[in-house]
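Undergrad: This is the structure I have questions about; it appears just below.
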Amino acid sequence: MARLSNHIEEYIIGLLEEANGSIDIQRNVLADYFGCAPSQINYVLSTRFTPYRGYYVESRRGGGGYIRIVRVSIEEMGDPLSLFQEEVGSSITKNGADGILKALMEQQVITERERELLSVALSDRALSLVIEERNQLRAEILQNLLLGILSRGGA
């Protein structure tokens, strides 16, 4: 299923690039194209096209309904620090932290090298002395990193 989700994500990103960052698509048409249930499309949209990754998704249901996906830059997000901190919350898994770091890299807030270093610093191995509250500690560290990164000039 992850493989199909990756293909759907790549396809939508390709459509966004061709359309200069904004598309209207129909969930059923996309589901038919990939031979999957519309719920699979919903899953991809809700997990891969989120505000903290630089996307706004608007859904209109009913006859002729559509999904509008708009790619926005971090400057257009309003308050990106609050958005990212809300996504982190009080606990975050390694995969969740990596997703946020990837989004920051895609938005060119951090470099690939910085993403790799931060990912290692937030890894289970780096936090191996803390087992019970590892995800809470990871969230606390990531919250502080975000504050430092997004508060500096430029973002």
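Following the order of the structure tokens, first chain is A, next is B, and so on, with residues numbered from 1 inside each chain and ligands from 1 in the order they appear.
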Can you pull out every residue within 12 Å of Asn95 (chain A), counting only C-alpha atoms, but drop anything in the same chain fewer than 2 positions away, and send it as JSON, numbers by chain?
TA: {"A": [47, 88, 91, 92, 93, 97, 98, 99, 100, 101, 102, 119, 120, 122, 123, 124, 135, 138, 139]}
Undergrad: Write a file of the just-selected residues containing N, CA, C and O atoms, as a PDB file, in the first residue's frame.
TA:
ATOM      1  N   THR A  47      -2.236  12.594   4.469  1.00  0.00           N
ATOM      2  CA  THR A  47      -0.920  12.343   5.075  1.00  0.00           C
ATOM      3  C   THR A  47       0.236  12.982   4.330  1.00  0.00           C
ATOM      4  O   THR A  47       1.279  13.260   4.926  1.00  0.00           O
ATOM      5  N   VAL A  88       3.909  19.023  15.565  1.00  0.00           N
ATOM      6  CA  VAL A  88       4.779  18.257  16.469  1.00  0.00           C
ATOM      7  C   VAL A  88       4.005  17.850  17.711  1.00  0.00           C
ATOM      8  O   VAL A  88       4.023  16.686  18.118  1.00  0.00           O
ATOM      9  N   SER A  91       4.289  14.978  21.550  1.00  0.00           N
ATOM     10  CA  SER A  91       4.927  13.693  21.306  1.00  0.00           C
ATOM     11  C   SER A  91       4.987  13.470  19.800  1.00  0.00           C
ATOM     12  O   SER A  91       4.026  13.772  19.094  1.00  0.00           O
ATOM     13  N   ILE A  92       6.122  12.957  19.314  1.00  0.00           N
ATOM     14  CA  ILE A  92       6.244  12.694  17.881  1.00  0.00           C
ATOM     15  C   ILE A  92       7.164  11.497  17.658  1.00  0.00           C
ATOM     16  O   ILE A  92       8.152  11.318  18.372  1.00  0.00           O
ATOM     17  N   THR A  93       6.805  10.686  16.693  1.00  0.00           N
ATOM     18  CA  THR A  93       7.621   9.525  16.349  1.00  0.00           C
ATOM     19  C   THR A  93       8.796   9.952  15.473  1.00  0.00           C
ATOM     20  O   THR A  93       8.822  11.074  14.953  1.00  0.00           O
ATOM     21  N   ALA A  97       8.885  13.102  12.824  1.00  0.00           N
ATOM     22  CA  ALA A  97       9.949  14.112  12.846  1.00  0.00           C
ATOM     23  C   ALA A  97      10.628  14.183  11.484  1.00  0.00           C
ATOM     24  O   ALA A  97      10.894  15.278  10.971  1.00  0.00           O
ATOM     25  N   ASP A  98      10.884  13.028  10.878  1.00  0.00           N
ATOM     26  CA  ASP A  98      11.512  13.015   9.551  1.00  0.00           C
ATOM     27  C   ASP A  98      10.624  13.682   8.513  1.00  0.00           C
ATOM     28  O   ASP A  98      11.113  14.352   7.606  1.00  0.00           O
ATOM     29  N   GLY A  99       9.309  13.508   8.649  1.00  0.00           N
ATOM     30  CA  GLY A  99       8.381  14.161   7.726  1.00  0.00           C
ATOM     31  C   GLY A  99       8.459  15.679   7.827  1.00  0.00           C
ATOM     32  O   GLY A  99       8.445  16.382   6.816  1.00  0.00           O
ATOM     33  N   ILE A 100       8.568  16.186   9.029  1.00  0.00           N
ATOM     34  CA  ILE A 100       8.679  17.637   9.224  1.00  0.00           C
ATOM     35  C   ILE A 100      10.005  18.141   8.684  1.00  0.00           C
ATOM     36  O   ILE A 100      10.064  19.174   8.013  1.00  0.00           O
ATOM     37  N   LEU A 101      11.082  17.403   8.941  1.00  0.00           N
ATOM     38  CA  LEU A 101      12.392  17.810   8.422  1.00  0.00           C
ATOM     39  C   LEU A 101      12.392  17.801   6.891  1.00  0.00           C
ATOM     40  O   LEU A 101      12.960  18.694   6.258  1.00  0.00           O
ATOM     41  N   LYS A 102      11.741  16.804   6.315  1.00  0.00           N
ATOM     42  CA  LYS A 102      11.649  16.741   4.844  1.00  0.00           C
ATOM     43  C   LYS A 102      10.882  17.941   4.306  1.00  0.00           C
ATOM     44  O   LYS A 102      11.270  18.547   3.303  1.00  0.00           O
ATOM     45  N   SER A 119      17.999  14.650  11.575  1.00  0.00           N
ATOM     46  CA  SER A 119      17.369  13.341  11.619  1.00  0.00           C
ATOM     47  C   SER A 119      18.148  12.384  12.514  1.00  0.00           C
ATOM     48  O   SER A 119      17.568  11.648  13.314  1.00  0.00           O
ATOM     49  N   VAL A 120      19.461  12.419  12.383  1.00  0.00           N
ATOM     50  CA  VAL A 120      20.302  11.571  13.237  1.00  0.00           C
ATOM     51  C   VAL A 120      20.171  11.993  14.699  1.00  0.00           C
ATOM     52  O   VAL A 120      20.060  11.158  15.598  1.00  0.00           O
ATOM     53  N   LEU A 122      17.667  13.228  16.150  1.00  0.00           N
ATOM     54  CA  LEU A 122      16.342  12.879  16.659  1.00  0.00           C
ATOM     55  C   LEU A 122      16.042  11.382  16.571  1.00  0.00           C
ATOM     56  O   LEU A 122      14.929  10.947  16.863  1.00  0.00           O
ATOM     57  N   SER A 123      17.033  10.600  16.188  1.00  0.00           N
ATOM     58  CA  SER A 123      16.817   9.160  15.983  1.00  0.00           C
ATOM     59  C   SER A 123      16.640   8.422  17.310  1.00  0.00           C
ATOM     60  O   SER A 123      17.031   8.898  18.375  1.00  0.00           O
ATOM     61  N   ASP A 124      16.042   7.231  17.224  1.00  0.00           N
ATOM     62  CA  ASP A 124      15.883   6.386  18.404  1.00  0.00           C
ATOM     63  C   ASP A 124      17.239   6.046  19.013  1.00  0.00           C
ATOM     64  O   ASP A 124      17.376   5.963  20.234  1.00  0.00           O
ATOM     65  N   ASN A 135       9.445   9.692  22.618  1.00  0.00           N
ATOM     66  CA  ASN A 135       8.701  10.524  21.671  1.00  0.00           C
ATOM     67  C   ASN A 135       8.397  11.911  22.242  1.00  0.00           C
ATOM     68  O   ASN A 135       8.349  12.891  21.502  1.00  0.00           O
ATOM     69  N   ARG A 138      11.743  13.741  21.978  1.00  0.00           N
ATOM     70  CA  ARG A 138      11.960  14.080  20.571  1.00  0.00           C
ATOM     71  C   ARG A 138      11.113  15.308  20.192  1.00  0.00           C
ATOM     72  O   ARG A 138      11.576  16.214  19.519  1.00  0.00           O
ATOM     73  N   ALA A 139       9.861  15.342  20.657  1.00  0.00           N
ATOM     74  CA  ALA A 139       8.983  16.486  20.375  1.00  0.00           C
ATOM     75  C   ALA A 139       9.543  17.761  20.990  1.00  0.00           C
ATOM     76  O   ALA A 139       9.548  18.815  20.359  1.00  0.00           O
TER      77      ALA A 139
END
Undergrad: List every residue of region 83-120 of chain A that DSSP, applied to the backbone of this structure, places in alpha helix (DSSP H), and write the result as a list in words.
TA: Leu83, Phe84, Gln85, Glu86, Glu87, Val88, Lys94, Asn95, Gly96, Ala97, Asp98, Gly99, Ile100, Leu101, Lys102, Ala103, Leu104, Met105, Glu106, Glu112, Arg113, Glu114, Arg115, Glu116, Leu117, Leu118, Ser119 and Val120 of chain A
Undergrad: Apply DSSP to the structure's backbone, then extract all residues of region 13-132 of chain A labelled strand (DSSP E or B) and return them as number ranges by chain.
TA: A: 22-25, 55-60, 66-71
Undergrad: Out of A:Arg61, A:Arg3, A:Arg115, A:Arg125, which residue has the shortest atom-to-atom distance to Leu142 (chain A) when counting only C-alpha atoms?
TA: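 Using only C-alpha atoms, Leu142 (chain A) sits closest to A:Arg115.
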Undergrad: For a quick check of understanding, using only C-alpha atoms, which of A:Glu58, A:Ile67, A:Arg48, A:Ala31 has the smallest distance to Gly96 (chain A)?
TA: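 That would be A:Arg48, the residue with the smallest distance to Gly96 (chain A).
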Undergrad: Would you pick out the contacts of Arg60 (chain A) at 12 Å or less, using only C-alpha atoms, so that residues sharing its chain but fewer than 5 positions from it are not included, and give the list as a compact mmCIF listing (two decimals) with N, CA and C atoms, in the first residue's frame?
TA:
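Dumped everything to out05.txt:
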# COMPACT_ATOMS: atom_id res chain seq x y z
N ASP A 24 -7.05 21.27 -9.68
CA ASP A 24 -8.36 20.76 -9.27
C ASP A 24 -8.46 19.35 -9.86
N ILE A 25 -8.72 18.39 -9.01
CA ILE A 25 -8.84 17.01 -9.46
C ILE A 25 -10.09 16.39 -8.85
N GLN A 26 -10.57 15.34 -9.47
CA GLN A 26 -11.70 14.61 -8.91
C GLN A 26 -11.18 13.31 -8.30
N ARG A 27 -11.56 13.09 -7.07
CA ARG A 27 -11.11 11.93 -6.31
C ARG A 27 -11.42 10.63 -7.04
N GLY A 65 -18.06 17.27 -7.69
CA GLY A 65 -17.15 17.73 -6.65
C GLY A 65 -15.69 17.56 -7.06
N TYR A 66 -14.83 18.29 -6.40
CA TYR A 66 -13.41 18.26 -6.75
C TYR A 66 -12.56 18.45 -5.51
N ILE A 67 -11.30 18.23 -5.69
CA ILE A 67 -10.30 18.52 -4.66
C ILE A 67 -9.35 19.53 -5.26
N ARG A 68 -9.17 20.64 -4.59
CA ARG A 68 -8.20 21.65 -5.04
C ARG A 68 -6.98 21.52 -4.13
N ILE A 69 -5.82 21.39 -4.77
CA ILE A 69 -4.55 21.32 -4.04
C ILE A 69 -3.70 22.50 -4.49
Undergrad: Between CA of Tyr33 (chain A) and CA of Glu10 (chain A), what distance in Å does the model show, to one decimal?
TA: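 Distance reported for this atom pair: 13.6 Å.
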Undergrad: Quick one: everything within 8 Å of region 78-87 of chain A, counting only C-alpha atoms, minus sequence neighbours fewer than 5 positions away in the same chain. Send it as JSON, numbers by chain.
TA: {"A": [51, 52, 100, 143, 146, 147, 150, 151]}
Undergrad: Restricting the calculation to only C-alpha atoms: of A:Asn28, A:Ser5, A:Ser73, A:Asn144, which residue gets closest to Ala103 (chain A)?
TA: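 Of A:Asn28, A:Ser5, A:Ser73, A:Asn144, the one nearest Ala103 (chain A) is A:Ser73, counting only C-alpha atoms.
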Undergrad: In Å, with one decimal, what is the gap from CA of Asp32 (chain A) to CA of Thr50 (chain A)?
TA: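 These two atoms are separated by 23.1 Å.
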Undergrad: Go through A:Ser90, A:Gln136, A:Ser128, A:Gln107 and flag the residue nearest Arg53 (chain A), using only C-alpha atoms for the distances.
TA: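 Checking each of A:Ser90, A:Gln136, A:Ser128, A:Gln107 against Arg53 (chain A), counting only C-alpha atoms, the winner is A:Gln107.
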Undergrad: For a quick check of understanding, using only C-alpha atoms, which of A:Val72, A:Ala37, A:Leu118, A:Ile23 has the smallest distance to Lys94 (chain A)?
TA: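 Among the listed residues, A:Leu118 lies closest to Lys94 (chain A).
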Undergrad: Using only C-alpha atoms, which of the listed residues (A:Leu117, A:Ser22, A:Glu9, A:Val29) sits closest to Ser46 (chain A)?
TA: A:Glu9
Undergrad: What does the distance from CA of Arg113 (chain A) to CA of Leu129 (chain A) come to in Å, to one decimal?
TA: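 About the pair CA of Arg113 (chain A) and CA of Leu129 (chain A): they are 25.3 Å apart.
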